[in-house]
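**Q** This structure is in structure tokens; I'll ask about it shortly.
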Amino acid sequence: MRYSAVMPGLARVHVKLACSLFVAAAFSATFSCAGPQKVPLPIPDDNGGPLSHVILLPLTTRATDGLLGHAWDVETDLADPLRQVLNGTVTVTSTDQHVMFFRETAARAELDATIGIANAGVWASRVTHVLYDVQITTLATLATGTQHYNAESGCCLQGNPTESCTSGYVYRLMRGSGTIRLLQRTEGEISANFKEVLVARGGAKYRVVDESTFSDAYFGLELSPLQSVCRTLTPEQELAPLKLLASPNCTINRFGALGEKESLARQLPSEELCLNVAKRYCSELAGAIACRTRFGTADEVDLVMAAAITPELASAKAAPPNRSLKKPPKPVRTPAVSDPAVKADTAPAASPLK
């Protein structure tokens, strides 16, 4: 009986102690044991973790164009779509990894209002951090052995990266699905207006301002330095040869049935080829009312007008010449009559052959 009497008291002590510990951990100003309990979600340390170097895209994408092999622009803090350092065959590898990327918004310029899940006012005044909670399903890279340096990028000079390419190039993309949360770090009490409460392993507290989800898209990338690429190039491979493009010498303007104008300009070696291209270009527009072409400084020719005149000239050449003098008709032989009056009004008969 003594044992059973002691145990209920101990049980009550343990329950009270557990309740007190939980309330302290879950910020007793908001949560209590009496109501629904919401345990704060643990997150990595600020800017920490094995993948802290991964750059998060401001907008997710399902294409690798303009990203893989492109130089990283330090001014915009984005991949430069016009400066592709390496090209090659894209290799896609399947994987299955669950990771969290935790970033301070001031640390990465690409994490701005263009993320599309918070208005500018909220972003500027309340959001301090961003948390990506994602399941990585695919890694995209350029296949080994297919990579070729693009000399037109101008990223290598004398075996070293140029100033505009010192940040490296995009060598890997990450694809998957997950959630993006906009956070506000707080030191005071947690308001009930916020969706969730997050706590970093270091003890910092955050509340969720807004969140969004994405599905099956590229959301992050990794950079690689260009030093190893530039060291393998010869001086001839570093710079692309200058190309002087001649200005167009064959211009074609075609006009549709309602007067709409379409133009084509080409650099061609001869006037004959210019006319052939113009004929082909003009024939593609049904009902064209005019199609004018010019080669160099020669006179402009309207192919539609010329095509209309050509059949008339052809028919004129096929017709007999128009002569003003006509051959007299052959005399018609008539039988002789005995009446003298009739003989005077008729043509003389041909003399008999001797």
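Just so we're on the same page: first chain in the structure tokens is A, next is B, and so on; residues restart at 1 for each chain, and ligands are numbered from 1 in the order they show up.
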Please, which residues of range 196-283 of chain A, numbered as in this document, come out helix (DSSP H, G or I) from DSSP, as a ChimeraX atom specification?
**A** /A:227-230,235-238,271-283
**Q** Could you write out that same residue set with N, CA and C atoms as a PDB file, in the first residue's frame?
**A**
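Result saved to again-v5.pdb:
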ATOM      1  N   GLN A 227      39.942  28.209 -63.163  1.00  0.00           N
ATOM      2  CA  GLN A 227      41.398  28.127 -63.216  1.00  0.00           C
ATOM      3  C   GLN A 227      41.869  26.859 -63.908  1.00  0.00           C
ATOM      4  N   SER A 228      41.268  25.720 -63.572  1.00  0.00           N
ATOM      5  CA  SER A 228      41.704  24.448 -64.165  1.00  0.00           C
ATOM      6  C   SER A 228      41.389  24.389 -65.648  1.00  0.00           C
ATOM      7  N   VAL A 229      40.332  25.080 -66.083  1.00  0.00           N
ATOM      8  CA  VAL A 229      39.985  25.097 -67.507  1.00  0.00           C
ATOM      9  C   VAL A 229      40.952  25.978 -68.278  1.00  0.00           C
ATOM     10  N   CYS A 230      41.242  27.161 -67.764  1.00  0.00           N
ATOM     11  CA  CYS A 230      42.107  28.105 -68.474  1.00  0.00           C
ATOM     12  C   CYS A 230      43.541  27.591 -68.610  1.00  0.00           C
ATOM     13  N   PRO A 235      47.321  29.787 -76.248  1.00  0.00           N
ATOM     14  CA  PRO A 235      46.916  31.164 -76.574  1.00  0.00           C
ATOM     15  C   PRO A 235      45.958  31.238 -77.757  1.00  0.00           C
ATOM     16  N   GLU A 236      46.111  30.339 -78.740  1.00  0.00           N
ATOM     17  CA  GLU A 236      45.207  30.348 -79.899  1.00  0.00           C
ATOM     18  C   GLU A 236      43.800  29.910 -79.516  1.00  0.00           C
ATOM     19  N   GLN A 237      43.689  29.037 -78.509  1.00  0.00           N
ATOM     20  CA  GLN A 237      42.375  28.545 -78.096  1.00  0.00           C
ATOM     21  C   GLN A 237      41.645  29.523 -77.184  1.00  0.00           C
ATOM     22  N   GLU A 238      42.370  30.449 -76.576  1.00  0.00           N
ATOM     23  CA  GLU A 238      41.752  31.357 -75.621  1.00  0.00           C
ATOM     24  C   GLU A 238      40.864  32.406 -76.291  1.00  0.00           C
ATOM     25  N   GLU A 271      24.246  38.795-108.426  1.00  0.00           N
ATOM     26  CA  GLU A 271      22.908  39.323-108.638  1.00  0.00           C
ATOM     27  C   GLU A 271      21.937  38.215-109.039  1.00  0.00           C
ATOM     28  N   GLU A 272      22.442  37.228-109.783  1.00  0.00           N
ATOM     29  CA  GLU A 272      21.585  36.123-110.192  1.00  0.00           C
ATOM     30  C   GLU A 272      21.063  35.348-108.991  1.00  0.00           C
ATOM     31  N   LEU A 273      21.954  35.090-108.043  1.00  0.00           N
ATOM     32  CA  LEU A 273      21.526  34.381-106.842  1.00  0.00           C
ATOM     33  C   LEU A 273      20.557  35.233-106.025  1.00  0.00           C
ATOM     34  N   CYS A 274      20.772  36.527-106.009  1.00  0.00           N
ATOM     35  CA  CYS A 274      19.860  37.435-105.306  1.00  0.00           C
ATOM     36  C   CYS A 274      18.460  37.351-105.901  1.00  0.00           C
ATOM     37  N   LEU A 275      18.373  37.335-107.239  1.00  0.00           N
ATOM     38  CA  LEU A 275      17.068  37.245-107.887  1.00  0.00           C
ATOM     39  C   LEU A 275      16.392  35.910-107.597  1.00  0.00           C
ATOM     40  N   ASN A 276      17.178  34.830-107.573  1.00  0.00           N
ATOM     41  CA  ASN A 276      16.603  33.511-107.284  1.00  0.00           C
ATOM     42  C   ASN A 276      16.056  33.450-105.860  1.00  0.00           C
ATOM     43  N   VAL A 277      16.796  34.010-104.929  1.00  0.00           N
ATOM     44  CA  VAL A 277      16.324  34.042-103.543  1.00  0.00           C
ATOM     45  C   VAL A 277      15.069  34.897-103.435  1.00  0.00           C
ATOM     46  N   ALA A 278      15.054  36.026-104.153  1.00  0.00           N
ATOM     47  CA  ALA A 278      13.898  36.913-104.115  1.00  0.00           C
ATOM     48  C   ALA A 278      12.661  36.226-104.676  1.00  0.00           C
ATOM     49  N   LYS A 279      12.824  35.481-105.784  1.00  0.00           N
ATOM     50  CA  LYS A 279      11.684  34.770-106.361  1.00  0.00           C
ATOM     51  C   LYS A 279      11.124  33.752-105.378  1.00  0.00           C
ATOM     52  N   ARG A 280      12.015  33.054-104.705  1.00  0.00           N
ATOM     53  CA  ARG A 280      11.564  32.048-103.728  1.00  0.00           C
ATOM     54  C   ARG A 280      10.861  32.724-102.552  1.00  0.00           C
ATOM     55  N   TYR A 281      11.420  33.824-102.094  1.00  0.00           N
ATOM     56  CA  TYR A 281      10.849  34.546-100.957  1.00  0.00           C
ATOM     57  C   TYR A 281       9.498  35.145-101.313  1.00  0.00           C
ATOM     58  N   CYS A 282       9.385  35.675-102.536  1.00  0.00           N
ATOM     59  CA  CYS A 282       8.129  36.293-102.959  1.00  0.00           C
ATOM     60  C   CYS A 282       7.034  35.251-103.180  1.00  0.00           C
ATOM     61  N   SER A 283       7.413  34.062-103.654  1.00  0.00           N
ATOM     62  CA  SER A 283       6.417  33.025-103.939  1.00  0.00           C
ATOM     63  C   SER A 283       5.803  32.451-102.668  1.00  0.00           C
TER      64      SER A 283
END
**Q** If we count only C-alpha atoms, what is near Thr146 in chain A at a cut-off of 8 Å, once residues fewer than 6 positions away on the same chain are taken out, given as a PyMOL selection string?
**A** chain A and resi 87-89
**Q** Have a look at A:Trp72, A:Tyr206, A:Phe295, A:Phe255 and name the one nearest to Leu268 in chain A; count only C-alpha atoms.
**A** A:Phe295
**Q** Can you tell me which residues surround range 160-166 of chain A at a distance of at most 10 Å, considering only C-alpha atoms, apart from same-chain residues fewer than 6 positions away, and format the answer as a list in words?
**A**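 What passes the distance filter is His70, Ala71, Trp72, Asp73, Val74, Glu75, Asp80, Arg83, Val85, Ser153, Gly154, Pro225, Leu226, Gln227, Ser228, Val229, Cys230, Arg231, Thr232, Leu233 and Glu238 of chain A.
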**Q** Return the single residue from A:Val208, A:Glu262, A:Ala240, A:Thr251 that is closest to Thr297 in chain A, with distances computed using only C-alpha atoms.
**A** A:Thr251
**Q** If you measure from CA of Arg103 in chain A to CA of Thr128 in chain A, what distance in Å do you get, rounded to one decimal?
**A** 8.8 Å
**Q** Between CA of Gln97 in chain A and CA of Ile55 in chain A, what distance in Å does the model show, to one decimal?
**A**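 Rounded to one decimal, the two atoms are 16.8 Å apart.
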**Q** Mind the document's chain letters and residue numbers, and return as a PyMOL selection string the residues of range 140-221 of chain A that DSSP labels strand (DSSP E or B).
**A** chain A and resi 140-142+148-149+156-157+160-161+169-186+197-200+205-221
**Q** Just to be explicit: take each residue in the selection above, keep C-alpha atoms, and write the result as a CSV table (one decimal), in the first residue's frame.
**A**
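Output (selection19.csv):
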chain,number,residue,atom,x,y,z
A,140,ALA,CA,22.3,17.8,-64.2
A,141,THR,CA,25.9,18.3,-65.4
A,142,LEU,CA,27.9,18.4,-68.6
A,148,HIS,CA,34.6,22.3,-74.9
A,149,TYR,CA,35.8,25.8,-74.1
A,156,CYS,CA,40.4,32.9,-70.2
A,157,LEU,CA,43.5,35.0,-71.0
A,160,ASN,CA,44.0,32.6,-66.1
A,161,PRO,CA,40.3,33.6,-65.7
A,169,TYR,CA,30.9,28.8,-64.1
A,170,VAL,CA,27.8,26.8,-63.4
A,171,TYR,CA,28.8,23.1,-63.4
A,172,ARG,CA,25.8,21.4,-61.7
A,173,LEU,CA,22.1,22.0,-61.3
A,174,MET,CA,19.8,20.5,-58.7
A,175,ARG,CA,16.2,19.5,-59.4
A,176,GLY,CA,13.4,18.4,-57.1
A,177,SER,CA,10.3,19.4,-55.2
A,178,GLY,CA,9.9,21.3,-51.9
A,179,THR,CA,8.8,24.3,-49.9
A,180,ILE,CA,10.2,27.8,-49.7
A,181,ARG,CA,9.6,29.6,-46.4
A,182,LEU,CA,10.2,33.3,-45.8
A,183,LEU,CA,11.2,33.9,-42.1
A,184,GLN,CA,11.6,36.7,-39.7
A,185,ARG,CA,14.0,36.4,-36.8
A,186,THR,CA,12.5,37.4,-33.5
A,197,VAL,CA,7.6,28.7,-35.3
A,198,LEU,CA,11.1,27.6,-36.3
A,199,VAL,CA,14.1,27.2,-34.0
A,200,ALA,CA,17.7,26.9,-35.3
A,205,LYS,CA,13.9,31.7,-33.1
A,206,TYR,CA,12.1,32.4,-36.4
A,207,ARG,CA,8.5,32.8,-37.4
A,208,VAL,CA,7.1,32.0,-40.9
A,209,VAL,CA,6.0,35.1,-42.7
A,210,ASP,CA,5.0,33.4,-46.0
A,211,GLU,CA,5.7,30.2,-47.9
A,212,SER,CA,5.4,28.6,-51.3
A,213,THR,CA,5.9,25.2,-52.9
A,214,PHE,CA,7.4,24.0,-56.2
A,215,SER,CA,7.3,20.7,-57.9
A,216,ASP,CA,9.9,18.9,-60.2
A,217,ALA,CA,12.0,21.9,-61.1
A,218,TYR,CA,15.6,23.1,-60.9
A,219,PHE,CA,16.0,25.2,-57.8
A,220,GLY,CA,19.7,25.4,-57.1
A,221,LEU,CA,23.1,25.4,-58.7
**Q** Work out how far CA of Thr144 in chain A is from CA of Phe101 in chain A, in Å to one decimal.
**A**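 So the answer is 28.0 Å.
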**Q** Please determine, counting only C-alpha atoms, which residue among A:Thr234, A:Ala286, A:Ala246, A:Thr105 has the shortest atom-to-atom distance to Leu258 in chain A.
**A**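 Selected residue with least distance to Leu258 in chain A: A:Ala286.
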